[in-house]
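Undergrad: Just target06.pdb, nothing more (PDB, C-alpha atoms and all ligand atoms):
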```pdb
ATOM      1  CA  MET A   1      20.951   0.228 -35.278
ATOM      2  CA  ASN A   2      22.015   3.671 -36.380
ATOM      3  CA  LEU A   3      25.653   4.380 -35.450
ATOM      4  CA  GLN A   4      24.790   7.661 -33.710
ATOM      5  CA  VAL A   5      22.182   5.918 -31.560
ATOM      6  CA  LYS A   6      24.669   3.157 -30.760
ATOM      7  CA  LYS A   7      27.269   5.728 -29.732
ATOM      8  CA  PHE A   8      24.699   7.414 -27.499
ATOM      9  CA  LEU A   9      23.488   4.184 -25.864
ATOM     10  CA  TYR A  10      26.915   2.730 -25.155
ATOM     11  CA  ASN A  11      28.491   5.995 -24.072
ATOM     12  CA  PRO A  12      29.533   5.652 -20.374
ATOM     13  CA  SER A  13      27.957   8.985 -19.455
ATOM     14  CA  THR A  14      24.639   7.863 -20.980
ATOM     15  CA  ILE A  15      24.770   4.686 -18.905
ATOM     16  CA  LEU A  16      25.523   6.787 -15.815
ATOM     17  CA  LEU A  17      22.579   9.067 -16.592
ATOM     18  CA  PHE A  18      20.231   6.063 -16.793
ATOM     19  CA  LEU A  19      21.548   4.757 -13.465
ATOM     20  CA  VAL A  20      20.953   8.148 -11.828
ATOM     21  CA  LEU A  21      17.413   8.311 -13.241
ATOM     22  CA  ALA A  22      16.691   4.761 -12.020
ATOM     23  CA  CYS A  23      17.857   5.741  -8.514
ATOM     24  CA  LEU A  24      15.731   8.894  -8.484
ATOM     25  CA  ALA A  25      12.699   6.853  -9.519
ATOM     26  CA  SER A  26      13.157   4.424  -6.636
ATOM     27  CA  PHE A  27      13.753   7.267  -4.166
ATOM     28  CA  SER A  28      10.534   9.020  -5.105
ATOM     29  CA  THR A  29       8.610   5.834  -4.257
ATOM     30  CA  ALA A  30      10.425   5.416  -0.937
ATOM     31  CA  ALA A  31       9.652   9.023   0.035
ATOM     32  CA  HIS A  32       5.911   8.344   0.148
ATOM     33  CA  ASP A  33       5.842   7.904   3.943
ATOM     34  CA  PHE A  34       3.778   9.339   6.809
ATOM     35  CA  LYS A  35       4.751   9.589  10.470
ATOM     36  CA  VAL A  36       2.929  10.366  13.722
ATOM     37  CA  GLY A  37       4.785   9.873  17.005
ATOM     38  CA  ASP A  38       6.697   6.605  16.762
ATOM     39  CA  ILE A  39       4.556   5.149  14.005
ATOM     40  CA  GLU A  40       5.630   5.401  10.385
ATOM     41  CA  ILE A  41       3.469   4.285   7.462
ATOM     42  CA  GLN A  42       5.493   3.447   4.388
ATOM     43  CA  HIS A  43       4.264   3.501   0.818
ATOM     44  CA  PRO A  44       0.474   3.209   1.186
ATOM     45  CA  TRP A  45      -0.920   2.077  -2.165
ATOM     46  CA  VAL A  46      -4.173   0.799  -3.520
ATOM     47  CA  ALA A  47      -4.811  -1.647  -6.330
ATOM     48  CA  PRO A  48      -6.671  -0.093  -9.273
ATOM     49  CA  THR A  49     -10.193  -1.469  -9.738
ATOM     50  CA  ILE A  50     -10.851  -4.095 -12.370
ATOM     51  CA  ALA A  51     -13.795  -3.599 -14.731
ATOM     52  CA  SER A  52     -16.931  -2.676 -12.777
ATOM     53  CA  SER A  53     -15.634  -3.956  -9.418
ATOM     54  CA  ARG A  54     -16.287  -1.617  -6.473
ATOM     55  CA  VAL A  55     -14.019  -3.508  -4.076
ATOM     56  CA  THR A  56     -10.278  -3.173  -3.756
ATOM     57  CA  GLY A  57      -7.373  -3.861  -1.423
ATOM     58  CA  VAL A  58      -5.101  -1.299   0.232
ATOM     59  CA  TYR A  59      -1.531  -2.062   1.239
ATOM     60  CA  PHE A  60       1.170  -0.441   3.360
ATOM     61  CA  THR A  61       3.959  -1.125   5.831
ATOM     62  CA  VAL A  62       3.720  -0.067   9.483
ATOM     63  CA  LYS A  63       6.975   0.593  11.289
ATOM     64  CA  ASN A  64       7.096   1.084  15.048
ATOM     65  CA  LEU A  65      10.122   3.268  15.842
ATOM     66  CA  GLY A  66       9.240   3.498  19.543
ATOM     67  CA  LYS A  67      10.041   1.508  22.659
ATOM     68  CA  THR A  68       6.538   0.222  23.388
ATOM     69  CA  SER A  69       4.132  -1.742  21.262
ATOM     70  CA  ASP A  70       1.158  -0.116  19.567
ATOM     71  CA  LYS A  71      -1.855  -1.536  17.819
ATOM     72  CA  LEU A  72      -3.466  -0.662  14.497
ATOM     73  CA  ILE A  73      -7.166  -0.811  15.266
ATOM     74  CA  ARG A  74      -8.915   0.418  12.146
ATOM     75  CA  ILE A  75      -8.788   2.216   8.829
ATOM     76  CA  GLU A  76     -11.120   5.087   7.947
ATOM     77  CA  VAL A  77     -11.935   6.700   4.612
ATOM     78  CA  SER A  78     -14.326   9.482   3.753
ATOM     79  CA  ASP A  79     -17.695   8.235   2.467
ATOM     80  CA  GLU A  80     -16.922  10.170  -0.703
ATOM     81  CA  VAL A  81     -14.310   7.463  -1.380
ATOM     82  CA  ALA A  82     -16.073   4.269  -0.285
ATOM     83  CA  ASP A  83     -18.949   3.009   1.854
ATOM     84  CA  SER A  84     -16.601   1.191   4.215
ATOM     85  CA  ALA A  85     -12.983   0.414   4.948
ATOM     86  CA  SER A  86     -11.765  -2.459   7.087
ATOM     87  CA  LEU A  87      -8.691  -4.449   8.060
ATOM     88  CA  HIS A  88      -8.582  -8.110   7.123
ATOM     89  CA  GLU A  89      -6.380 -11.110   7.580
ATOM     90  CA  LEU A  90      -5.913 -14.039   5.247
ATOM     91  CA  ARG A  91      -5.475 -17.410   6.909
ATOM     92  CA  GLU A  92      -5.134 -20.792   5.364
ATOM     93  CA  VAL A  93      -7.966 -23.068   6.501
ATOM     94  CA  ASP A  94      -7.956 -26.634   5.086
ATOM     95  CA  GLY A  95      -5.716 -25.549   2.218
ATOM     96  CA  MET A  96      -8.008 -22.638   1.296
ATOM     97  CA  LEU A  97      -7.220 -18.980   1.881
ATOM     98  CA  ARG A  98      -9.992 -17.434   3.949
ATOM     99  CA  MET A  99     -10.418 -13.759   4.638
ATOM    100  CA  ARG A 100     -11.815 -12.487   7.910
ATOM    101  CA  PRO A 101     -11.872  -9.146   9.730
ATOM    102  CA  LEU A 102      -8.900  -8.348  11.975
ATOM    103  CA  SER A 103     -11.332  -7.793  14.817
ATOM    104  CA  ASN A 104      -8.684  -7.346  17.520
ATOM    105  CA  GLY A 105      -6.471  -5.121  15.412
ATOM    106  CA  LYS A 106      -2.825  -5.785  14.662
ATOM    107  CA  GLN A 107      -0.144  -5.382  17.299
ATOM    108  CA  ILE A 108       3.097  -3.775  16.148
ATOM    109  CA  ASP A 109       5.988  -4.471  18.527
ATOM    110  CA  PRO A 110       8.817  -1.968  19.140
ATOM    111  CA  GLY A 111      11.283  -1.926  16.253
ATOM    112  CA  GLU A 112       8.991  -4.124  14.187
ATOM    113  CA  SER A 113       7.870  -3.576  10.568
ATOM    114  CA  VAL A 114       4.561  -5.169   9.679
ATOM    115  CA  GLN A 115       3.470  -5.462   6.081
ATOM    116  CA  PHE A 116      -0.107  -5.270   4.952
ATOM    117  CA  GLU A 117       0.232  -6.895   1.575
ATOM    118  CA  GLN A 118      -1.393  -8.946  -1.144
ATOM    119  CA  GLY A 119      -1.804 -12.506   0.101
ATOM    120  CA  GLY A 120      -1.570 -11.464   3.769
ATOM    121  CA  ASP A 121      -3.063  -8.982   6.182
ATOM    122  CA  HIS A 122      -4.522  -6.078   4.207
ATOM    123  CA  GLY A 123      -7.012  -3.262   4.189
ATOM    124  CA  MET A 124     -10.108  -3.405   2.058
ATOM    125  CA  LEU A 125     -12.494  -0.845   0.633
ATOM    126  CA  VAL A 126     -16.060  -1.812  -0.190
ATOM    127  CA  GLY A 127     -18.560   0.261  -2.133
ATOM    128  CA  LEU A 128     -16.097   2.530  -3.934
ATOM    129  CA  LYS A 129     -17.829   5.612  -5.301
ATOM    130  CA  ALA A 130     -15.769   5.639  -8.491
ATOM    131  CA  PRO A 131     -13.359   3.327 -10.290
ATOM    132  CA  LEU A 132      -9.729   3.719  -9.204
ATOM    133  CA  LEU A 133      -7.259   4.207 -12.013
ATOM    134  CA  ILE A 134      -3.485   4.204 -11.837
ATOM    135  CA  GLY A 135      -2.388   7.640 -10.637
ATOM    136  CA  ASP A 136      -5.545   8.304  -8.567
ATOM    137  CA  LYS A 137      -5.002   9.291  -4.935
ATOM    138  CA  PHE A 138      -7.182   9.527  -1.864
ATOM    139  CA  GLU A 139      -6.708  10.280   1.812
ATOM    140  CA  ALA A 140      -7.364   7.833   4.611
ATOM    141  CA  SER A 141      -6.631   7.489   8.270
ATOM    142  CA  LEU A 142      -4.946   4.548   9.987
ATOM    143  CA  VAL A 143      -5.980   4.639  13.636
ATOM    144  CA  PHE A 144      -3.616   3.353  16.335
ATOM    145  CA  GLU A 145      -4.371   2.687  19.992
ATOM    146  CA  LYS A 146      -1.517   4.923  21.232
ATOM    147  CA  ALA A 147      -0.360   7.047  18.293
ATOM    148  CA  GLY A 148      -3.973   7.883  17.342
ATOM    149  CA  PRO A 149      -4.914   8.599  13.734
ATOM    150  CA  VAL A 150      -2.158   8.679  11.117
ATOM    151  CA  ASN A 151      -3.372  10.445   7.988
ATOM    152  CA  VAL A 152      -1.995   8.942   4.820
ATOM    153  CA  GLU A 153      -2.515   9.218   1.087
ATOM    154  CA  PHE A 154      -3.079   6.031  -0.893
ATOM    155  CA  TRP A 155      -1.786   6.029  -4.436
ATOM    156  CA  ALA A 156      -3.350   3.770  -7.024
ATOM    157  CA  GLU A 157      -0.475   1.773  -8.481
ATOM    158  CA  ARG A 158       0.122  -1.445 -10.266
ATOM    159  CA  GLY A 159       1.171  -3.831  -7.485
ATOM    160  CA  PRO A 160       4.221  -6.047  -7.360
ATOM    161  CA  ALA A 161       2.113  -9.011  -8.506
ATOM    162  CA  SER A 162       0.908  -6.959 -11.546
ATOM    163  CA  GLN A 163      -2.697  -7.965 -10.920
ATOM    164  CA  ASP A 164      -4.876  -7.700  -7.883
ATOM    165  CA  THR A 165      -6.485 -10.934  -6.781
ATOM    166  CA  HIS A 166      -8.515  -9.031  -4.219
ATOM    167  CA  ALA A 167     -11.266  -8.139  -6.648
ATOM    168  CA  ASN A 168     -12.416 -11.768  -6.439
ATOM    169  CA  HIS A 169     -13.061 -11.593  -2.690
ATOM    170  CA  LEU A 170     -16.750 -10.796  -2.812
TER
HETATM  171 CU    CU A 201     -10.107  -8.402   2.258
END
```
Would you give me this structure, written as C-alpha cells?

TA:
Amino acid sequence: MNLQVKKFLYNPSTILLFLVLACLASFSTAAHDFKVGDIEIQHPWVAPTIASSRVTGVYFTVKNLGKTSDKLIRIEVSDEVADSASLHELREVDGMLRMRPLSNGKQIDPGESVQFEQGGDHGMLVGLKAPLLIGDKFEASLVFEKAGPVNVEFWAERGPASQDTHANHL
C-alpha cells in the first residue's frame, strides 16, 4: 500500500470521519418513520422483485405509543402500483410454513412494537404493475381501527436476509 494512502487510512481523524459517516447513514434509515395519533410506522420497506415476478413482500414495524390497543386491519395501495395488497401471517403447520390472510387484523397493545418481517407476519403485493428495483418508492396506506389510515412510503431495499424468499409464495 502506498505510504500516503496508509497515512490517510490510519490517521485518527480519518477514522473519526468514517465513524461519523457510518452514524449518519444509520440515522437516515431510522428517520424513515410515519406517525398518526399514537401509531408510528417505522422503516416501511419492500423487497425488490426477482426476475419477472409480480409478487413481493412489504415490511415495517408498528409502534403503539398510546394507552389503548389498536388494530391494523388492512393495507391499501393505488392500483397503479399493484392489483392488490393484503396482510398475511406465516404459521408453522406440520413443520411447514404456511401463509394465510390475517383476516382479523393484528392487534397492537399499548407500548407494544410489532414487526411485520420476513419469515413472520407481513404485507404482500400481488399483480405489481412494474418491477421494483432498489431505490424505487411508492405510497401506501396502513389502516387502523382507531388511528385510521396512516400514509407511508415504502422504499425498495435489499432486506436484512439479502434475498427475499417471498417471491416463491405463489
Ligand atoms: Cu404473503

Undergrad: Quick one: residues within 8 Å of ligand CU 201 (chain A), with all atoms listed in the file, as a PyMOL selection string?

TA: chain A and resi 56-57+86-90+99-101+122-124+166+169

Undergrad: Convert the current residue selection to file output with C-alpha atoms, as a PDB file, in the coordinates of the input.

TA:
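Contents of the output file again.pdb:
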```
ATOM      1  CA  THR A  56     -10.278  -3.173  -3.756  1.00  0.00           C
ATOM      2  CA  GLY A  57      -7.373  -3.861  -1.423  1.00  0.00           C
ATOM      3  CA  SER A  86     -11.765  -2.459   7.087  1.00  0.00           C
ATOM      4  CA  LEU A  87      -8.691  -4.449   8.060  1.00  0.00           C
ATOM      5  CA  HIS A  88      -8.582  -8.110   7.123  1.00  0.00           C
ATOM      6  CA  GLU A  89      -6.380 -11.110   7.580  1.00  0.00           C
ATOM      7  CA  LEU A  90      -5.913 -14.039   5.247  1.00  0.00           C
ATOM      8  CA  MET A  99     -10.418 -13.759   4.638  1.00  0.00           C
ATOM      9  CA  ARG A 100     -11.815 -12.487   7.910  1.00  0.00           C
ATOM     10  CA  PRO A 101     -11.872  -9.146   9.730  1.00  0.00           C
ATOM     11  CA  HIS A 122      -4.522  -6.078   4.207  1.00  0.00           C
ATOM     12  CA  GLY A 123      -7.012  -3.262   4.189  1.00  0.00           C
ATOM     13  CA  MET A 124     -10.108  -3.405   2.058  1.00  0.00           C
ATOM     14  CA  HIS A 166      -8.515  -9.031  -4.219  1.00  0.00           C
ATOM     15  CA  HIS A 169     -13.061 -11.593  -2.690  1.00  0.00           C
TER      16      HIS A 169
END
```

Undergrad: Give the answer as one residue: which of A:Lys63, A:Lys71, A:Lys137, A:Lys129 has the shortest atom-to-atom distance to Gly111 (chain A), using all atoms listed in the file?

TA: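 Smallest separation from Gly111 (chain A) among the options: A:Lys63.
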
Undergrad: Could you tell me which residues the PyMOL selection byres (((chain A and resi 37) around 10) and not hetatm) grabs in this file, written as a list in words?

TA: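 Output of the PyMOL selection byres (((chain A and resi 37) around 10) and not hetatm): Lys35, Val36, Asp38, Ile39, Glu40, Asn64, Leu65, Gly66, Lys146, Ala147, Gly148 and Val150 of chain A.
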
Undergrad: Go through A:Ile134, A:Ala85, A:Ala140, A:Met96 and flag the residue nearest Gly119 (chain A), using only C-alpha atoms for the distances.

TA: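 Of A:Ile134, A:Ala85, A:Ala140, A:Met96, the one nearest Gly119 (chain A) is A:Met96, counting only C-alpha atoms.
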
Undergrad: Could you check the closest approach to Thr49 (chain A) for each of A:Phe138, A:Arg158, A:Phe144, A:Pro131 and tell me which residue wins, using only C-alpha atoms?

TA: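 For Thr49 (chain A), the nearest of the candidates is A:Pro131.
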
Undergrad: Which residues would end up in the selection if the PyMOL selection byres (((chain A and resi 69) around 7) and not hetatm) were applied here, given that I need the answer as a CSV table (one decimal) with C-alpha atoms, in the frame of the given file?

TA:
```csv
chain,number,residue,atom,x,y,z
A,67,LYS,CA,10.0,1.5,22.7
A,68,THR,CA,6.5,0.2,23.4
A,70,ASP,CA,1.2,-0.1,19.6
A,71,LYS,CA,-1.9,-1.5,17.8
A,107,GLN,CA,-0.1,-5.4,17.3
A,108,ILE,CA,3.1,-3.8,16.1
A,109,ASP,CA,6.0,-4.5,18.5
A,110,PRO,CA,8.8,-2.0,19.1
```

Undergrad: Out of A:Val62, A:Ala51, A:Val46, A:Leu97, which residue has the shortest atom-to-atom distance to Leu142 (chain A) when counting all atoms listed in the file?

TA: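 Closest residue, counting all atoms listed in the file: A:Val62.
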
Undergrad: Fewer than 2 positions away in the same chain doesn't count, so skip those; otherwise give me all residues within 8 Å of Val77 (chain A), counting only C-alpha atoms, as a VMD selection string.

TA: chain A and resid 75 79 81 to 82 84 to 85 139 to 141

Undergrad: Just to be explicit: take each residue in the selection above, keep C-alpha atoms, and write the result as a CSV table (one decimal), in the coordinates of the input.

TA:
```
chain,number,residue,atom,x,y,z
A,75,ILE,CA,-8.8,2.2,8.8
A,79,ASP,CA,-17.7,8.2,2.5
A,81,VAL,CA,-14.3,7.5,-1.4
A,82,ALA,CA,-16.1,4.3,-0.3
A,84,SER,CA,-16.6,1.2,4.2
A,85,ALA,CA,-13.0,0.4,4.9
A,139,GLU,CA,-6.7,10.3,1.8
A,140,ALA,CA,-7.4,7.8,4.6
A,141,SER,CA,-6.6,7.5,8.3
```

Undergrad: Just to confirm, what's the straight-line distance from CA of Glu92 (chain A) to CA of Gly159 (chain A) in Å (one decimal)?

TA: 22.2 Å

Undergrad: What does the structure give for the distance between CA of Glu76 (chain A) and CA of Glu153 (chain A), in Å to one decimal?

TA: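 Taking CA of Glu76 (chain A) and CA of Glu153 (chain A), their separation equals 11.8 Å.
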